[in-house]
Structure formats: structure tokens, C-alpha cells
>>> print(open('run12.txt').read())   # compact mmCIF, C-alpha atoms
# COMPACT_ATOMS: atom_id res chain seq x y z
CA MET U 1 164.75 124.48 8.95
CA GLU U 2 167.50 125.04 11.44
CA LEU U 3 167.54 128.04 13.72
CA GLU U 4 170.53 129.00 15.76
CA PHE U 5 170.28 131.34 18.67
CA GLN U 6 173.27 132.38 20.69
CA GLN U 7 171.00 132.85 23.64
CA LEU U 8 167.56 131.38 23.00
CA LEU U 9 166.94 131.45 26.70
CA ASP U 10 167.71 135.06 27.51
CA ASN U 11 169.96 136.30 30.23
CA SER U 12 167.15 136.19 32.74
CA SER U 13 166.93 132.43 32.23
CA LYS U 14 170.64 131.85 32.71
CA SER U 15 170.71 133.95 35.84
CA HIS U 16 167.45 132.53 37.15
CA PRO U 17 168.13 131.46 40.73
CA LEU U 18 166.57 128.04 40.23
CA ALA U 19 168.64 127.29 37.12
CA LYS U 20 171.77 126.72 39.18
CA GLN U 21 170.11 123.90 41.10
CA PHE U 22 169.07 121.84 38.12
CA SER U 23 170.66 120.24 35.08
CA ALA U 24 170.28 121.79 31.65
CA ALA U 25 167.92 118.97 30.68
CA ALA U 26 165.75 119.65 33.72
CA CYS U 27 165.68 123.36 32.91
CA ILE U 28 164.62 122.63 29.34
CA ARG U 29 161.89 120.30 30.58
CA TRP U 30 160.69 123.00 32.94
CA ALA U 31 160.72 125.61 30.17
CA PHE U 32 158.30 123.50 28.13
CA GLY U 33 155.79 123.31 30.96
CA PRO U 34 152.72 125.45 30.24
CA GLY U 35 152.74 128.57 32.35
CA ASN U 36 156.40 128.26 33.32
CA THR U 37 158.29 131.48 32.79
CA THR U 38 161.40 133.16 34.09
CA LYS U 39 159.66 136.51 34.17
CA ALA U 40 159.21 137.30 37.85
CA GLU U 41 156.35 139.71 37.50
CA GLY U 42 153.57 140.61 35.18
CA THR U 43 150.75 138.70 33.67
CA GLY U 44 150.39 135.05 32.86
CA ARG U 45 153.03 133.88 30.40
CA GLY U 46 155.09 130.89 29.50
CA ILE U 47 152.91 129.01 27.02
CA GLY U 48 154.90 129.63 23.83
CA LEU U 49 157.19 126.60 23.99
CA ASP U 50 154.30 124.34 24.97
CA MET U 51 152.31 125.61 21.99
CA LEU U 52 155.30 125.10 19.70
CA LYS U 53 155.69 121.54 20.95
CA ASN U 54 152.00 120.80 20.39
CA PHE U 55 152.12 122.38 16.93
CA VAL U 56 155.03 120.11 15.98
CA TYR U 57 153.13 117.12 17.34
CA ALA U 58 149.97 118.10 15.46
CA THR U 59 151.88 118.40 12.19
CA ARG U 60 153.85 115.19 12.93
CA GLY U 61 157.08 117.12 12.72
CA ILE U 62 160.21 117.06 14.84
CA LEU U 63 161.46 119.56 17.40
CA GLU U 64 164.96 119.45 18.84
CA ILE U 65 166.54 121.82 21.32
CA TYR U 66 170.15 121.59 22.45
CA SER U 67 171.38 123.93 25.15
CA GLU U 68 174.61 123.61 27.13
CA ASP U 69 174.70 119.92 28.03
CA GLY U 70 170.98 119.28 27.83
CA TYR U 71 168.57 118.50 25.05
CA ALA U 72 164.91 117.91 24.31
CA LEU U 73 163.59 115.90 21.40
CA PHE U 74 159.97 115.74 20.30
CA ARG U 75 158.81 113.59 17.43
CA PRO U 76 155.61 111.63 16.72
CA ARG U 77 154.89 109.40 19.71
CA LYS U 78 158.17 110.25 21.37
CA GLN U 79 159.28 112.85 23.87
CA GLU U 80 162.76 112.79 25.32
CA TYR U 81 164.86 114.96 27.60
CA GLY U 82 168.46 114.08 28.25
CA GLN U 83 172.04 115.05 28.87
CA LEU U 84 174.66 115.43 26.17
CA SER U 85 178.14 114.00 26.55
CA SER U 86 179.64 117.46 26.16
CA SER U 87 178.56 121.03 26.77
CA PHE U 88 178.60 124.16 24.64
CA GLU U 89 177.55 127.72 25.17
CA GLY U 90 174.44 128.68 23.30
CA THR U 91 171.31 127.00 22.06
CA VAL U 92 170.37 125.30 18.82
CA VAL U 93 166.79 124.73 17.75
CA ASN U 94 165.91 122.38 14.89
CA ILE U 95 162.32 122.34 13.70
CA THR U 96 161.23 119.93 11.00
CA LEU U 97 157.78 120.63 9.61
CA ARG U 98 155.61 118.68 7.22
CA CYS U 99 154.34 121.10 4.62
CA ASP U 100 151.09 119.22 4.16
CA GLU U 101 147.79 120.83 5.04
CA ARG U 102 146.32 117.44 5.93
CA TYR U 103 148.44 117.46 9.07
CA TYR U 104 147.47 120.94 10.16
CA GLN U 105 145.23 120.49 13.15
CA LEU U 106 146.00 123.48 15.27
CA ALA U 107 142.50 124.94 15.19
CA ASP U 108 140.69 124.33 18.41
CA GLU U 109 138.04 121.70 17.89
CA ARG U 110 136.05 122.69 20.91
CA PRO U 111 132.80 124.48 20.16
CA ALA U 112 132.99 128.25 20.25
CA GLY U 113 132.16 129.61 23.67
CA PRO U 114 132.75 132.68 25.78
CA LEU U 115 135.99 134.52 25.20
CA PHE U 116 136.89 134.50 28.91
CA MET B 1 134.75 151.68 21.18
CA ASN B 2 135.81 149.86 18.03
CA LEU B 3 139.52 149.19 17.62
CA GLU B 4 141.00 148.02 14.33
CA VAL B 5 144.01 146.16 15.64
CA LYS B 6 145.84 146.31 12.31
CA SER B 7 145.81 150.11 12.33
CA LEU B 8 147.43 150.10 15.77
CA VAL B 9 150.03 147.33 15.56
CA GLY B 10 150.21 146.25 11.94
CA GLU B 11 149.58 142.88 10.32
CA ARG B 12 151.25 140.77 13.00
CA CYS B 13 149.98 140.31 16.54
CA VAL B 14 153.16 138.85 17.96
CA THR B 15 155.09 141.00 20.40
CA SER B 16 154.31 141.75 24.00
CA GLU B 17 154.96 145.42 23.35
CA ASP B 18 152.20 145.54 20.73
CA GLY B 19 149.92 143.65 23.06
CA GLN B 20 150.54 146.25 25.75
CA ARG B 21 149.57 148.99 23.30
CA VAL B 22 146.24 147.30 22.71
CA TYR B 23 145.72 146.82 26.44
CA ASP B 24 146.46 150.50 27.11
CA LYS B 25 143.71 151.43 24.66
CA ILE B 26 141.01 149.06 25.81
CA TYR B 27 141.54 148.66 29.55
CA PRO B 28 140.33 152.16 30.55
CA LYS B 29 137.14 151.65 28.58
CA LEU B 30 136.46 148.20 29.94
CA ALA B 31 137.25 149.26 33.49
CA ALA B 32 134.70 152.04 33.08
CA GLY B 33 132.08 149.55 31.96
CA GLU B 34 132.15 150.55 28.31
CA SER B 35 131.91 148.08 25.44
CA VAL B 36 134.92 147.42 23.27
CA CYS B 37 135.13 145.61 19.95
CA LEU B 38 138.50 144.32 18.73
CA ASP B 39 138.62 143.94 14.98
CA PHE B 40 141.33 141.55 13.76
CA GLU B 41 140.50 141.89 10.07
CA ASP B 42 143.50 141.15 7.78
CA ILE B 43 145.64 139.82 10.63
CA LYS B 44 146.90 136.31 10.06
CA PHE B 45 149.85 135.98 12.45
CA PHE B 46 149.34 135.60 16.17
CA ALA B 47 151.62 134.67 19.06
CA SER B 48 150.99 134.24 22.74
CA PRO B 49 153.17 137.14 23.97
CA PHE B 50 150.85 139.56 22.19
CA PHE B 51 147.70 138.15 23.77
CA ASN B 52 149.36 137.75 27.17
CA PHE B 53 149.57 141.52 27.35
CA ALA B 54 146.61 142.56 25.18
CA ILE B 55 143.96 140.50 26.93
CA GLY B 56 145.54 138.13 29.46
CA GLN B 57 146.30 140.88 31.93
CA LEU B 58 142.71 142.11 31.75
CA LEU B 59 141.93 139.23 34.06
CA LYS B 60 144.08 140.79 36.74
CA ASP B 61 141.21 142.95 37.95
CA LEU B 62 138.31 142.41 35.58
CA LYS B 63 135.98 139.47 35.94
CA PRO B 64 135.54 136.99 33.08
CA GLU B 65 131.79 137.46 33.10
CA ASP B 66 132.18 141.23 32.77
CA LEU B 67 134.68 140.83 29.96
CA ASN B 68 132.38 138.44 28.14
CA GLU B 69 129.70 141.09 28.36
CA LEU B 70 131.82 144.08 27.33
CA LEU B 71 134.53 142.78 25.00
CA LYS B 72 133.63 141.57 21.52
CA VAL B 73 135.87 140.26 18.78
CA GLU B 74 135.47 140.39 15.03
CA GLY B 75 137.44 139.10 12.09
CA ILE B 76 139.75 136.77 13.98
CA VAL B 77 140.93 133.69 12.11
CA PRO B 78 140.65 130.28 13.83
CA ASP B 79 144.37 130.16 14.63
CA GLY B 80 144.13 133.49 16.39
CA ALA B 81 141.10 132.35 18.35
CA PHE B 82 143.05 129.25 19.37
CA VAL B 83 145.93 131.29 20.76
CA TRP B 84 143.47 133.65 22.46
CA ARG B 85 141.83 130.77 24.32
CA LYS B 86 145.16 129.28 25.36
CA VAL B 87 146.28 132.61 26.76
CA VAL B 88 143.02 133.10 28.65
CA GLU B 89 143.29 129.60 30.17
CA ASN B 90 146.82 130.32 31.29
CA ALA B 91 145.98 133.79 32.61
CA LYS B 92 143.07 132.44 34.64
CA GLU B 93 145.39 129.93 36.22
CA TYR B 94 147.96 132.64 36.88
CA TYR B 95 145.50 134.93 38.63
CA LYS B 96 143.63 132.15 40.41
CA ASN B 97 145.90 132.27 43.39
CA PRO B 98 147.50 135.72 43.35
CA GLU B 99 148.88 135.47 46.88
CA ALA B 100 150.78 132.29 46.13
CA LYS B 101 152.04 133.74 42.87
CA LYS B 102 153.14 136.92 44.61
CA ALA B 103 155.00 134.93 47.25
CA ILE B 104 156.84 132.95 44.59
CA ASP B 105 157.68 136.10 42.64
CA GLU B 106 159.06 137.79 45.74
CA ILE B 107 161.17 134.78 46.65
CA LEU B 108 162.64 134.66 43.17
CA LYS B 109 163.35 138.41 43.25
CA GLN B 110 165.05 138.14 46.60
CA GLN B 111 167.16 135.21 45.49
CA ALA B 112 168.18 137.07 42.36
CA GLU B 113 169.19 140.09 44.44
CA ASP B 114 171.20 137.90 46.79
CA GLU B 115 173.29 136.49 43.90
>>> encode(input="run12.txt", output="C-alpha cells")
Amino acid sequence: MELEFQQLLDNSSKSHPLAKQFSAAACIRWAFGPGNTTKAEGTGRGIGLDMLKNFVYATRGILEIYSEDGYALFRPRKQEYGQLSSSFEGTVVNITLRCDERYYQLADERPAGPLF
Amino acid sequence: MNLEVKSLVGERCVTSEDGQRVYDKIYPKLAAGESVCLDFEDIKFFASPFFNFAIGQLLKDLKPEDLNELLKVEGIVPDGAFVWRKVVENAKEYYKNPEAKKAIDEILKQQAEDE
């Protein structure tokens, strides 16, 4: 499954003041950090990409993101952030999933407890 | 109060806007000390943006122990419960140090305005 987004990271990401200080690879790495978000106000956010990464790991799939001159690659037992030799406007996301229920381990294995 | 989430937002609990709609329904009740039950029957798709706004922001000014007492959940599939817990963990961290978070937010806003 290949997904192409002209602007996966929305305009707020591109114009984020910290983005200008770091490479595209560093920005991608930051974006995957749990709780990291470009939204300046509001409630807690920024866990979606981390959850996606963990879901791909749990299903032993592959996740690739290419944005400008940076990329991130996640596959079983390997995590890599790096710089591409050339740059392009936009973002490409490739997600390879194993359609096998034996690999589906997303359910929290911790015992049920309080909701908060 | 019993809220059938499907009747309010449909079969997918995904968007932040839908989460805000749930929050707008339940927050006044919870803030007033009234019990709320969220029924997720027939909902199979969940994403963190929905829960960020539906329940994560409850932690802004309601205590976890009060929420555990007042807010009940029914009919949620394990995947939904997983996302719920992740969101709550993240929200707790976000609100743990509100002064530091506010300072960072204000710095970022000011820098954005200076650009």
C-alpha cells in the first residue's frame, strides 16, 4: 500500500519555527516522538505517528516516510533516519502490512485498570 | 447521563472534531459531579485525535480519581481501549507541568509571529 500526500506534514509543520533549525531527517525523527506535536495550544496530542510505528512493528511490517531530503525507515529490528541525496517537495508514505492475524498484537496486554 | 457515541459521531471515532463534540456533551455533566456513561457499541475504528479531544482534555481540570468515579465506558473493543489508554497517558504527561508547557507554547507562538 503506497500513500502519497502532497503535504503530509501540514502547513503548520513547515512553518514551525523550530523546523528551520533542523534537517528534514531530524524533523521526521522528532515527529515520531510520542507527545511531539506542532500544535501550539490545546490538549495533549502527538501520539499518532508513534502508534503507527508501533503497529507496524507489532505486525512485522515496514513503514517508510520520505519528505524533502529526509527519510525514516522502520522494519523488524531496524529503525533508521537519514538524509536523501536529493530533495523534493512533498511527502511519500509507504506502509507494508502483513495481513496475518497471528501478527496482530496491538491489544494492550496489561490488566484492565482504571480509565484515568 | 448515557451517551451512545455512534448516534452522535457515527461508526468511526477518528477526528478531533468528533471528539470535541463528545467532550462538549460530557464535560458539563462531569464538571457538575454527575455520572456519565459512554457507550461505544458498534464502533470498531478509533484514532488518537478523537480521544485527545473527547477525553484527553478532561484531564485539564478534572482529576483522574474523580473521572474514574464518574465516567464509565461500555461496549468498547480492545483496540479502542488501547488507544484510550495511550491518549490518557499522553494527556497526563501534557498536563503534568502546565506552566512549562504554557511557556513553551508562548515561545513558539511568539517565534511564529516574528517570522
>>> closest_residue(input="run12.txt", among="U:Val93, U:Ala31, U:Ala25, U:Leu52", to="chain B", atoms="all atoms listed in the file")
U:Leu52
>>> interface_residues(input="run12.txt", of="chain B", to="chain U", cutoff="9 Å", atoms="all atoms listed in the file", output="PyMOL selection string")
chain B and resi 47-49+52-53+56-60+63-65+67-68+71-73+78-95+102+104-106+108-109+111-112+115
>>> atom_distance(input="run12.txt", atom1="CA of Trp30 (chain U)", atom2="CA of Tyr71 (chain U)")
12.0 Å
>>> atom_distance(input="run12.txt", atom1="CA of Phe40 (chain B)", atom2="CA of Glu69 (chain B)")
18.7 Å
>>> closest_residue(input="run12.txt", among="U:Ile65, U:Asn94, U:Asn54, U:Cys99", to="Arg77 (chain U)", atoms="all atoms listed in the file")
U:Asn54
>>> atom_distance(input="run12.txt", atom1="CA of Asp66 (chain B)", atom2="CA of Ser7 (chain B)")
26.1 Å
>>> closest_residue(input="run12.txt", among="B:Leu62, B:Ala54, B:Leu70, B:Val36", to="Thr15 (chain B)", atoms="all atoms listed in the file")
B:Ala54
>>> residues_around(input="run12.txt", residues="Glu11 (chain B)", least_positions_apart="4", cutoff="8 Å", atoms="all atoms listed in the file", output="PyMOL selection string")
chain B and resi 6+42-45
>>> closest_residue(input="run12.txt", among="B:Phe51, B:Asn2, B:Cys37, B:Val77", to="Ser16 (chain B)", atoms="only C-alpha atoms")
B:Phe51
>>> axis_aligned_box(input="run12.txt", around="region 72-75 of chain B", padding_each_side="4 Å", output="JSON")
{"center_x": 135.5, "center_y": 140.3, "center_z": 16.8, "size_x": 11.8, "size_y": 10.5, "size_z": 17.4}
>>> closest_residue(input="run12.txt", among="U:Gln21, U:Asn36, U:Leu97, U:Glu80", to="Ile62 (chain U)", atoms="only C-alpha atoms")
U:Leu97
>>> residues_around(input="run12.txt", residues="Phe88 (chain U)", least_positions_apart="6", cutoff="9 Å", atoms="only C-alpha atoms", output="NGL selection string")
:U and (67-69)
